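Visitor: One structure follows; several queries about it will come next.
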4 protein chains.
Amino acid sequence: MQLHIREKTAAVLEATGQYRKLGRAVDIFLITLILTNVVAIVLESERDLAKVYHHYFLTLELVSVAIFAVEYLLRFWCCVDKLDYRHLDIPNWKKRLKYLISPLAIIDLIAILPTILMAFITFDLRFLRVIRLLRIFKLTRYSRAMQLLLAAFKEESSSLLAAFFIMSVVLIMASCGIYLIEHDVQPDKFGSIPKAMWWAMATLTTVGYGDVVPITPLGQFFGGLITLLSMGMVAIPTGLLASSFADQMRKRRDAFNEAVLHALVDGDVDKSERAHLEALRIELGLSQLEANQAIKLMSSQRVHHMYCRHCGKKL
Amino acid sequence: MQLHIREKTAAVLEATGQYRKLGRAVDIFLITLILTNVVAIVLESERDLAKVYHHYFLTLELVSVAIFAVEYLLRFWCCVDKLDYRHLDIPNWKKRLKYLISPLAIIDLIAILPTILMAFITFDLRFLRVIRLLRIFKLTRYSRAMQLLLAAFKEESSSLLAAFFIMSVVLIMASCGIYLIEHDVQPDKFGSIPKAMWWAMATLTTVGYGDVVPITPLGQFFGGLITLLSMGMVAIPTGLLASSFADQMRKRRDAFNEAVLHALVDGDVDKSERAHLEALRIELGLSQLEANQAIKLMSSQRVHHMYCRHCGKKL
Amino acid sequence: MQLHIREKTAAVLEATGQYRKLGRAVDIFLITLILTNVVAIVLESERDLAKVYHHYFLTLELVSVAIFAVEYLLRFWCCVDKLDYRHLDIPNWKKRLKYLISPLAIIDLIAILPTILMAFITFDLRFLRVIRLLRIFKLTRYSRAMQLLLAAFKEESSSLLAAFFIMSVVLIMASCGIYLIEHDVQPDKFGSIPKAMWWAMATLTTVGYGDVVPITPLGQFFGGLITLLSMGMVAIPTGLLASSFADQMRKRRDAFNEAVLHALVDGDVDKSERAHLEALRIELGLSQLEANQAIKLMSSQRVHHMYCRHCGKKL
Amino acid sequence: MQLHIREKTAAVLEATGQYRKLGRAVDIFLITLILTNVVAIVLESERDLAKVYHHYFLTLELVSVAIFAVEYLLRFWCCVDKLDYRHLDIPNWKKRLKYLISPLAIIDLIAILPTILMAFITFDLRFLRVIRLLRIFKLTRYSRAMQLLLAAFKEESSSLLAAFFIMSVVLIMASCGIYLIEHDVQPDKFGSIPKAMWWAMATLTTVGYGDVVPITPLGQFFGGLITLLSMGMVAIPTGLLASSFADQMRKRRDAFNEAVLHALVDGDVDKSERAHLEALRIELGLSQLEANQAIKLMSSQRVHHMYCRHCGKKL
């Protein structure tokens with residue numbers, strides 16, 4: 001029964017159902033392997049280490065790519081039984097195509113491609129070696145909290161783009177101002193607007209390397225104004241994200257509270273409702289304490305608000 | 001029918017009504033032209049590029065200015081039929097004057113003026129060339145999100161001014177302190193309070209170039225205190241903006257909720273109400289998901305909470 | 001009638017009652033004088049300017065101090081008729097004493113003291129000259145928004161102190177770590193923990209001068225960890241202030257809403273209630289728009305929520 | 001009665017009950033001693049001071065360690081009578097073991113261990129000397145606000161970890177990019193990915209030392225992109241903490257409001273209820289003003305809003 005095995009594999013790879021535990025073990029193994037790879041590639045860039053432990057690095061690389069390739073093929077093979085795809089009403093080959101072009105599948109491909117290419121082509125080996133570091137993106141599959149963070153970025157994308165636009169305008173104005181003021185005195189550092197941008201960028205982001213600084217009094221006055229503006233530039237994205245994170249937290253809490261309210265319609269929270277709330281709590285990333293408080297508060301509000309203290313009837 | 005054509009032109013330039021699509025195309029063309037101009041002016045400041053491609057830069061400049069000039073004249077010509085001005089009860093020449101001194105019209109004028117001036121006057125050509133970069137402000141016309149950001153700045157203007165005032169006081173105190181401590185040891189760097197301000201500014205904004213640093217133990221102790229203060233200086237505008245952004249988000253949500261409440265007065269949200277809410281949702285920049293949740297939540301709250309205390313009936 | 005004149009003077013200096021306009025003019029004159037003084041003192045520290053314009057600086061100084069002295073004496077003379085003190089049930093000499101040790105009076109004294117001292121003593125003249133810059137604190141009297149900002153700092157003072165304590169602990173740990181690692185290699189820069197603190201302070205506040213940096217691999221690894229920590233160090237005060245500002249905004253809004261609710265008890269907002277709300281709005285620093293929206297929203301909520309749609313009675 | 005003395009000692013060390021005042025005095029003495037120790041150890045690292053005042057440093061150290069040792073033994077001896085442990089239903093030796101491995105007890109041990117070790121072993125004395133600075137952690141016992149701050153960190157730990165993960169990915173990508181671009185031109189500074197990380201870390205945290213900077217045009221372009229990313233990197237933890245602090249503030253307020261609601265069930269807040277609310281207010285760190293406002297607001301809301309829908313009576 002090939003189908004059966006494929007379903008099992010899908011369950012293991014997704015860590016669902018009865019294969020949850022095995023799936024977790026596989027996940028942890030893969031996470032460890034990815035991290036080991038990243039550390040190895042970083043260390044391999046040290047020429048001395050690369051020479052001495054060349055053999056170990058190569059072995060690790062080959063074994064890793066083999067495992068990642070098997071993982072890629074397995075995922076491709078059983079993607080038709082994935083939780084998200086199982087109930088789609090499209091033929092299997094369309095599911096497979098859909099999977100092939102999904103971001104996670106592409107990341108998985110990128111993780112094995114460089115080494116395979118290195119076997120065939122021989123242009124800039126160093127570039128290919130380093131590109132293997134993209135392997136680290138495979139970890140996105142495993143981090144829930146990061147997906148929430150990325151959601152906050154996405155939600156604020158239009159505001160962040162506007163902030164980026166303001167930043168660009170200020171950057172261009174700063175570069176062109178300092179270019180006009182300083183390019184005669186320091187032609188090697190502020191000789192053109194693109195060159196002046198290096199200073200403007202380091203200043204507006206408050207990085208401030210100090211390798212390039214204005215030296216004329218007027219340039220320093222103008223530079224001082226730009227450093228003041230830099231505080232605003234840094235404040236905008238921070239403020240946007242802070243407000244967005246606060247908003248997301250509120251939304252998650254509201255969603256949970258609504259569920260509690262719903263469960264409380266019949267007067268109390270029974271066992272199945274409690275299980276449902278617990279699942280929701282985990283999904284929303286709320287703490288146990290917070291969830292209990294919410295349930296307690298809303299129950300007590302029912303008692304205080306929703307029954308008359310004179311006639312005792314439900315309001 | 002000259003009037004008719006003028007009205008059409010106004011509709012195209014504002015991208016409203018039946019000329020919405022054509023208007024959008026014109027917008028995109030103008031945005032592309034502005035960005036091309038900015039890139040060209042930045043690159044032209046590289047002397048080598050300016051020499052080799054002198055002809056191309058000149059052609060682009062002349063064509064661009066011609067187009068911007070036509071745009072400016074067209075906008076001036078048909079401004080009396082603008083959506084905002086159409087129903088004003090003032091003579092046309094007053095509308096035109098009103099338009100001429102509006103910020104967007106002034107920006108449009110600044111975009112073409114330098115090149116026209118360069119044809120007549122011949123003083124500092126480089127300055128005029130770079131000033132053409134102000135053309136980038138023409139983009140403000142097209143960015144909704146940026147207008148929202150600027151609104152947040154405006155709303156917090158009094159607090160931000162106060163923050164700026166605190167910053168100024170701290171800046172002057174820091175400069176005068178470091179001047180007293182270091183001006184004997186490093187007269188070239190801290191020889192006067194204005195000179196010391198360069199260090200103070202770079203430090204208080206956490207830019208920290210490092211081209212000028214205190215070297216005496218007392219100076220370093222004082223400098224250390226100022227670096228600590230810098231964290232507060234950066235925290236104030238960031239905190240103000242974060243709180244302001246959060247507040248604006250809340251206001252938009254409240255405005256939407258009020259509209260939902262209004263639509264729910266008769267018990268449910270009918271089709272025309274839904275269309276109205278959708279338009280409002282887009283205007284307020286809320287996500288589809290959020291809007292649906294708000295509608296759902298408020299509907300369910302109606303069911304759970306509202307009964308009359310006199311007749312006991314459902315509200 | 002000496003008393004009468006004293007009362008008038010108090011009214012002018014506080015810009016209240018019928019002397020509001022005259023008082024404002026006096027305020028603006030004093031603010032201008034203070035700012036002129038600050039600019040003059042800053043410029044005077046430039047030796048060249050000080051020599052050439054010595055006479056002008058001296059004249060300005062003498063005139064300013066004379067005016068500030070008169071202001072100080074007038075304020076002291078009529079402080080017993082101040083709005084805050086008028087109804088206190090204590091003898092006049094106690095009021096005067098109370099005024100003398102109030103922060104604003106001390107700042108006023110500090111503004112004139114250095115010049116008076118310079119006439120008598122002749123030790124470090126430069127120090128006394130620069131100390132005159134403290135005159136800028138006289139401006140606090142005139143800025144409402146700054147007082148609100150300072151209130152936010154005050155409210156969060158215990159949290160900010162805790163943040164400062166965490167910062168101190170991290171600072172000491174970072175200094176002692178880098179001292180252990182680098183003091184053999186760079187004894188002139190990391191020769192003792194106090195010296196190492198200069199690096200630690202510049203790093204933890206993200207100022208990063210770069211005049212002192214670790215150069216050993218272990219030192220750079222440790223330094224990298226500290227740069228990571230610096231993000232947390234900067235995030236704490238910013239987060240605290242952002243949350244505190246948001247909280248203050250909410251409180252002011254709540255106070256306004258409560259007042260609106262109170263005004264709406266009898267069904268609508270009459271003229272005297274509107275005047276009262278307007279005064280409150282200005283005091284709380286809310287925008288006109290926001291206030292109107294709050295009134296409109298709460299009125300409509302009354303209509304929607306507070307009357308039964310079946311029997312029409314007030315809920 | 002040995003037990004009696006032990007209970008008394010526990011009460012003094014915890015500053016509870018009738019020994020509150022004595023306990024406070026002991027606390028203040030210990031805090032002063034800790035701070036004196038930290039200052040002494042920092043100063044001792046200055047070789048000149050260490051030589052001249054060697055005797056004083058040694059005396060302070062021996063006395064301090066003796067006191068801390070006595071404190072440690074006393075705390076260990078009477079830990080079975082601690083407020084938290086008194087009512088635990090486990091034998092005393094288990095309580096003692098539990099105490100021994102509690103964080104605060106371990107910190108207390110670390111505070112005395114280095115000096116005791118120095119008496120026996122004689123390897124790197126300097127390291128042991130500096131490690132005594134960990135003594136500063138003893139202060140955590142005394143700061144309530146810091147425990148609240150740490151709670152905020154803990155609550156956001158999963159989000160902060162995700163932020164740290166994003167940071168790591170960006171860090172690795174930045175290091176590997178700049179390594180590929182610059183390692184041929186500046187092999188001493190960007191010769192391997194670990195070396196390049198020093199630059200990437202200083203840039204992404206906006207510290208920006210400037211000791212290592214890209215010099216090729218492509219490197220500067222890439223570096224500019226990274227400085228832009230740095231703003232996002234700094235914004236994430238700041239935004240998370242800001243939102244978390246705001247959330248904690250809201251929770252504390254909610255907890256207080258719930259208590260007020262509970263007290264208001266019988267119509268007003270009597271004396272014992274007021275005392276209870278006051279204790280809660282202090283525990284939650286709310287200001288007097290805020291608490292009073294909450295009580296006032298909730299009382300008035302009761303009057304305005306709450307009537308039964310069945311019998312129409314006031315609730």
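Within each chain, counting starts at residue 1; across the structure tokens, chains are named A, B, ... in the order shown, with ligands numbered 1 upward in that order.
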Output as a list in words the set of chain B residues within 6 Å of chain A, with distances taken over only C-alpha atoms.

Guide: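 So the contacting residues turn out to be Val42, Ser45, Glu46, Ala145, Met146, Val207, Gly208, Tyr209, Gly210, Thr238, Leu241, Ala242 and Ala246 of chain B.
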
Visitor: Could you list, as a list in words, every residue within 8 Å of range 104-120 of chain C, counting only C-alpha atoms and ignoring same-chain residues fewer than 4 positions away?

Guide: Val65, Phe68, Ala69, Tyr72, Tyr99, Leu100, Leu125, Leu128, Arg129, Ile131, Arg132, Leu133, Leu134, Arg135, Phe137, Lys138 and Arg141 of chain C

Visitor: Please, could you write that set of residues out with N, CA, C and O atoms as a JSON list (two decimals), in the first residue's frame?

Guide:
```
[["chain", "number", "residue", "atom", "x", "y", "z"],
["C", 65, "VAL", "N", 21.37, 91.34, 32.73],
["C", 65, "VAL", "CA", 21.38, 91.05, 34.15],
["C", 65, "VAL", "C", 20.54, 92.07, 34.91],
["C", 65, "VAL", "O", 19.80, 91.74, 35.83],
["C", 68, "PHE", "N", 16.96, 91.03, 34.35],
["C", 68, "PHE", "CA", 16.65, 89.81, 35.11],
["C", 68, "PHE", "C", 16.60, 90.10, 36.60],
["C", 68, "PHE", "O", 15.77, 89.53, 37.33],
["C", 69, "ALA", "N", 17.48, 90.99, 37.06],
["C", 69, "ALA", "CA", 17.49, 91.33, 38.48],
["C", 69, "ALA", "C", 16.19, 92.04, 38.86],
["C", 69, "ALA", "O", 15.57, 91.72, 39.88],
["C", 72, "TYR", "N", 13.54, 89.53, 38.96],
["C", 72, "TYR", "CA", 13.64, 88.71, 40.17],
["C", 72, "TYR", "C", 13.06, 89.44, 41.38],
["C", 72, "TYR", "O", 12.26, 88.88, 42.14],
["C", 99, "TYR", "N", 8.47, 81.09, 48.47],
["C", 99, "TYR", "CA", 8.77, 81.43, 47.08],
["C", 99, "TYR", "C", 10.28, 81.37, 46.82],
["C", 99, "TYR", "O", 10.73, 80.80, 45.82],
["C", 100, "LEU", "N", 11.03, 81.91, 47.77],
["C", 100, "LEU", "CA", 12.49, 81.97, 47.59],
["C", 100, "LEU", "C", 13.12, 80.60, 47.33],
["C", 100, "LEU", "O", 14.09, 80.49, 46.59],
["C", 125, "LEU", "N", 37.24, 82.98, 35.66],
["C", 125, "LEU", "CA", 36.22, 83.76, 34.96],
["C", 125, "LEU", "C", 35.47, 82.94, 33.92],
["C", 125, "LEU", "O", 34.27, 83.07, 33.76],
["C", 128, "LEU", "N", 32.63, 80.93, 35.26],
["C", 128, "LEU", "CA", 31.47, 81.76, 35.61],
["C", 128, "LEU", "C", 30.73, 82.21, 34.36],
["C", 128, "LEU", "O", 29.51, 82.24, 34.31],
["C", 129, "ARG", "N", 31.49, 82.56, 33.32],
["C", 129, "ARG", "CA", 30.87, 83.01, 32.08],
["C", 129, "ARG", "C", 29.96, 81.95, 31.50],
["C", 129, "ARG", "O", 28.85, 82.22, 31.07],
["C", 131, "ILE", "N", 28.71, 79.37, 33.06],
["C", 131, "ILE", "CA", 27.62, 78.98, 33.96],
["C", 131, "ILE", "C", 26.39, 79.86, 33.73],
["C", 131, "ILE", "O", 25.27, 79.46, 34.04],
["C", 132, "ARG", "N", 26.62, 81.03, 33.13],
["C", 132, "ARG", "CA", 25.48, 81.89, 32.81],
["C", 132, "ARG", "C", 24.50, 81.22, 31.85],
["C", 132, "ARG", "O", 23.35, 81.62, 31.73],
["C", 133, "LEU", "N", 25.00, 80.18, 31.15],
["C", 133, "LEU", "CA", 24.12, 79.46, 30.21],
["C", 133, "LEU", "C", 22.93, 78.81, 30.93],
["C", 133, "LEU", "O", 21.91, 78.52, 30.32],
["C", 134, "LEU", "N", 23.08, 78.58, 32.23],
["C", 134, "LEU", "CA", 21.97, 77.98, 32.99],
["C", 134, "LEU", "C", 20.73, 78.85, 32.90],
["C", 134, "LEU", "O", 19.63, 78.41, 33.19],
["C", 135, "ARG", "N", 20.94, 80.13, 32.49],
["C", 135, "ARG", "CA", 19.84, 81.03, 32.21],
["C", 135, "ARG", "C", 18.76, 80.38, 31.35],
["C", 135, "ARG", "O", 17.59, 80.74, 31.42],
["C", 137, "PHE", "N", 17.38, 77.67, 31.58],
["C", 137, "PHE", "CA", 16.33, 76.97, 32.35],
["C", 137, "PHE", "C", 15.18, 77.91, 32.71],
["C", 137, "PHE", "O", 14.11, 77.45, 33.07],
["C", 138, "LYS", "N", 15.42, 79.23, 32.62],
["C", 138, "LYS", "CA", 14.33, 80.16, 32.86],
["C", 138, "LYS", "C", 13.17, 79.91, 31.90],
["C", 138, "LYS", "O", 12.02, 80.25, 32.17],
["C", 141, "ARG", "N", 9.63, 77.97, 32.62],
["C", 141, "ARG", "CA", 8.43, 78.66, 33.09],
["C", 141, "ARG", "C", 7.39, 78.78, 32.00],
["C", 141, "ARG", "O", 6.19, 78.82, 32.26]]
```

Visitor: Rounded to one decimal in Å, what is the spacing between CA of Leu60 in chain C and CA of Asn37 in chain C?

Guide: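 Spanning CA of Leu60 in chain C to CA of Asn37 in chain C is a straight-line distance of 7.6 Å.
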
Visitor: Would you list, as number ranges by chain, the residues of range 44-129 of chain B that end up in alpha helix (DSSP H) under DSSP run on this structure's backbone?

Guide: B: 44, 47-52, 54-78, 92-100, 103-120, 125-129

Visitor: Skipping near chain neighbours, those fewer than 5 positions away, what residues fall within 10 Å of Ile295 in chain D using only C-alpha atoms, listed as JSON, numbers by chain?

Guide: {"D": [256, 257, 259, 260, 261, 263, 264, 268, 269, 274, 277, 290, 300, 301]}

Visitor: Output all heavy atoms for every residue in that selection, as an mmCIF file, in the first residue's frame.

Guide:
```cif
data_model
loop_
_atom_site.group_PDB
_atom_site.id
_atom_site.type_symbol
_atom_site.label_atom_id
_atom_site.label_comp_id
_atom_site.auth_asym_id
_atom_site.auth_seq_id
_atom_site.Cartn_x
_atom_site.Cartn_y
_atom_site.Cartn_z
ATOM 1 N N PHE D 256 -6.577 46.051 39.214
ATOM 2 C CA PHE D 256 -7.068 47.015 40.190
ATOM 3 C C PHE D 256 -8.544 47.304 39.961
ATOM 4 O O PHE D 256 -9.337 47.307 40.909
ATOM 5 C CB PHE D 256 -6.255 48.304 40.098
ATOM 6 C CG PHE D 256 -6.550 49.274 41.203
ATOM 7 C CD1 PHE D 256 -6.045 49.063 42.475
ATOM 8 C CD2 PHE D 256 -7.342 50.387 40.982
ATOM 9 C CE1 PHE D 256 -6.325 49.945 43.508
ATOM 10 C CE2 PHE D 256 -7.638 51.267 41.997
ATOM 11 C CZ PHE D 256 -7.125 51.047 43.267
ATOM 12 N N ASN D 257 -8.919 47.490 38.696
ATOM 13 C CA ASN D 257 -10.318 47.795 38.390
ATOM 14 C C ASN D 257 -11.236 46.662 38.829
ATOM 15 O O ASN D 257 -12.321 46.886 39.355
ATOM 16 C CB ASN D 257 -10.492 48.042 36.891
ATOM 17 C CG ASN D 257 -9.955 49.395 36.492
ATOM 18 O OD1 ASN D 257 -9.627 50.217 37.353
ATOM 19 N ND2 ASN D 257 -9.859 49.635 35.199
ATOM 20 N N ALA D 259 -10.716 44.629 41.267
ATOM 21 C CA ALA D 259 -10.827 44.703 42.729
ATOM 22 C C ALA D 259 -11.810 45.800 43.129
ATOM 23 O O ALA D 259 -12.613 45.628 44.047
ATOM 24 C CB ALA D 259 -9.443 44.971 43.341
ATOM 25 N N VAL D 260 -11.746 46.935 42.415
ATOM 26 C CA VAL D 260 -12.674 48.029 42.707
ATOM 27 C C VAL D 260 -14.104 47.570 42.461
ATOM 28 O O VAL D 260 -15.002 47.791 43.264
ATOM 29 C CB VAL D 260 -12.348 49.273 41.840
ATOM 30 C CG1 VAL D 260 -13.425 50.334 42.017
ATOM 31 C CG2 VAL D 260 -10.996 49.838 42.199
ATOM 32 N N LEU D 261 -14.318 46.915 41.321
ATOM 33 C CA LEU D 261 -15.642 46.404 40.961
ATOM 34 C C LEU D 261 -16.166 45.493 42.051
ATOM 35 O O LEU D 261 -17.337 45.560 42.443
ATOM 36 C CB LEU D 261 -15.517 45.614 39.654
ATOM 37 C CG LEU D 261 -16.757 45.559 38.774
ATOM 38 C CD1 LEU D 261 -16.955 46.898 38.084
ATOM 39 C CD2 LEU D 261 -16.610 44.468 37.739
ATOM 40 N N ALA D 263 -15.267 45.488 45.175
ATOM 41 C CA ALA D 263 -15.566 46.268 46.379
ATOM 42 C C ALA D 263 -16.878 47.019 46.228
ATOM 43 O O ALA D 263 -17.576 47.299 47.205
ATOM 44 C CB ALA D 263 -14.423 47.239 46.668
ATOM 45 N N LEU D 264 -17.239 47.330 44.974
ATOM 46 C CA LEU D 264 -18.428 48.155 44.727
ATOM 47 C C LEU D 264 -19.714 47.338 44.677
ATOM 48 O O LEU D 264 -20.799 47.900 44.521
ATOM 49 C CB LEU D 264 -18.272 48.918 43.410
ATOM 50 C CG LEU D 264 -17.460 50.217 43.468
ATOM 51 C CD1 LEU D 264 -17.164 50.709 42.083
ATOM 52 C CD2 LEU D 264 -18.217 51.274 44.258
ATOM 53 N N ASP D 268 -20.864 50.707 47.886
ATOM 54 C CA ASP D 268 -19.800 51.685 48.107
ATOM 55 C C ASP D 268 -18.536 51.020 48.639
ATOM 56 O O ASP D 268 -18.536 49.823 48.931
ATOM 57 C CB ASP D 268 -20.257 52.814 49.040
ATOM 58 C CG ASP D 268 -20.466 52.293 50.440
ATOM 59 O OD1 ASP D 268 -20.592 51.058 50.589
ATOM 60 O OD2 ASP D 268 -20.530 53.103 51.384
ATOM 61 N N VAL D 269 -17.490 51.800 48.760
ATOM 62 C CA VAL D 269 -16.198 51.280 49.204
ATOM 63 C C VAL D 269 -16.035 51.602 50.693
ATOM 64 O O VAL D 269 -15.799 52.752 51.057
ATOM 65 C CB VAL D 269 -15.060 51.931 48.385
ATOM 66 C CG1 VAL D 269 -13.726 51.358 48.790
ATOM 67 C CG2 VAL D 269 -15.303 51.767 46.901
ATOM 68 N N ARG D 274 -11.224 49.891 51.392
ATOM 69 C CA ARG D 274 -10.293 50.925 50.963
ATOM 70 C C ARG D 274 -8.846 50.557 51.336
ATOM 71 O O ARG D 274 -7.920 50.753 50.537
ATOM 72 C CB ARG D 274 -10.695 52.269 51.596
ATOM 73 C CG ARG D 274 -9.982 53.467 50.999
ATOM 74 C CD ARG D 274 -10.669 54.776 51.383
ATOM 75 N NE ARG D 274 -11.894 54.996 50.655
ATOM 76 C CZ ARG D 274 -11.957 55.535 49.427
ATOM 77 N NH1 ARG D 274 -10.852 55.887 48.818
ATOM 78 N NH2 ARG D 274 -13.104 55.702 48.826
ATOM 79 N N LEU D 277 -7.701 47.946 48.929
ATOM 80 C CA LEU D 277 -7.388 48.537 47.622
ATOM 81 C C LEU D 277 -6.056 49.282 47.669
ATOM 82 O O LEU D 277 -5.267 49.228 46.716
ATOM 83 C CB LEU D 277 -8.504 49.499 47.193
ATOM 84 C CG LEU D 277 -9.807 48.858 46.731
ATOM 85 C CD1 LEU D 277 -10.841 49.928 46.393
ATOM 86 C CD2 LEU D 277 -9.572 47.955 45.535
ATOM 87 N N GLU D 290 -4.176 57.963 40.087
ATOM 88 C CA GLU D 290 -4.762 57.032 39.145
ATOM 89 C C GLU D 290 -5.786 56.135 39.831
ATOM 90 O O GLU D 290 -6.885 55.889 39.315
ATOM 91 C CB GLU D 290 -3.635 56.193 38.533
ATOM 92 C CG GLU D 290 -4.026 55.442 37.303
ATOM 93 C CD GLU D 290 -2.792 54.889 36.607
ATOM 94 O OE1 GLU D 290 -1.675 55.126 37.120
ATOM 95 O OE2 GLU D 290 -2.942 54.223 35.591
ATOM 96 N N SER D 300 -19.163 56.079 39.280
ATOM 97 C CA SER D 300 -20.106 56.874 38.492
ATOM 98 C C SER D 300 -20.694 56.038 37.369
ATOM 99 O O SER D 300 -21.856 56.185 37.000
ATOM 100 C CB SER D 300 -19.415 58.118 37.932
ATOM 101 O OG SER D 300 -18.684 57.787 36.779
ATOM 102 N N GLN D 301 -19.891 55.112 36.807
ATOM 103 C CA GLN D 301 -20.427 54.241 35.756
ATOM 104 C C GLN D 301 -21.558 53.391 36.305
ATOM 105 O O GLN D 301 -22.566 53.182 35.642
ATOM 106 C CB GLN D 301 -19.327 53.345 35.202
ATOM 107 C CG GLN D 301 -18.512 54.029 34.122
ATOM 108 C CD GLN D 301 -17.540 53.075 33.482
ATOM 109 O OE1 GLN D 301 -17.306 51.977 34.000
ATOM 110 N NE2 GLN D 301 -16.970 53.468 32.382
#
```

Visitor: Which distance in Å separates CA of Ile34 in chain B and CA of Val80 in chain B, to one decimal?

Guide: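 Interatomic distance, CA of Ile34 in chain B to CA of Val80 in chain B: 25.4 Å.
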
Visitor: Compile the contact shell of Arg75 in chain D as a PyMOL selection string: residues with an atom at most 9 Å away, counting only C-alpha atoms, same-chain residues fewer than 2 positions apart removed.

Guide: chain D and resi 9-10+13+70-73+77-79+105

Visitor: Which residues are close to Asn92 in chain A, i.e. within 12 Å by only C-alpha atoms, leaving aside same-chain residues fewer than 2 positions away? Reply as a VMD selection string.

Guide: chain A and resid 76 to 82 85 to 90 94 to 99

Visitor: For each of B:Val130, B:Glu14, B:His4, B:Val26, take the minimum atom-to-atom distance to Glu44 in chain B, counting only C-alpha atoms, then give the residue where this is smallest.

Guide: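 Answer, going by the shortest atom-to-atom distance: B:Val130.
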
Visitor: Could you tell me how far CA of Thr216 in chain B sits from CA of Val39 in chain C, in Å to one decimal place?

Guide: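 CA of Val39 in chain C sits 27.3 Å away from CA of Thr216 in chain B.
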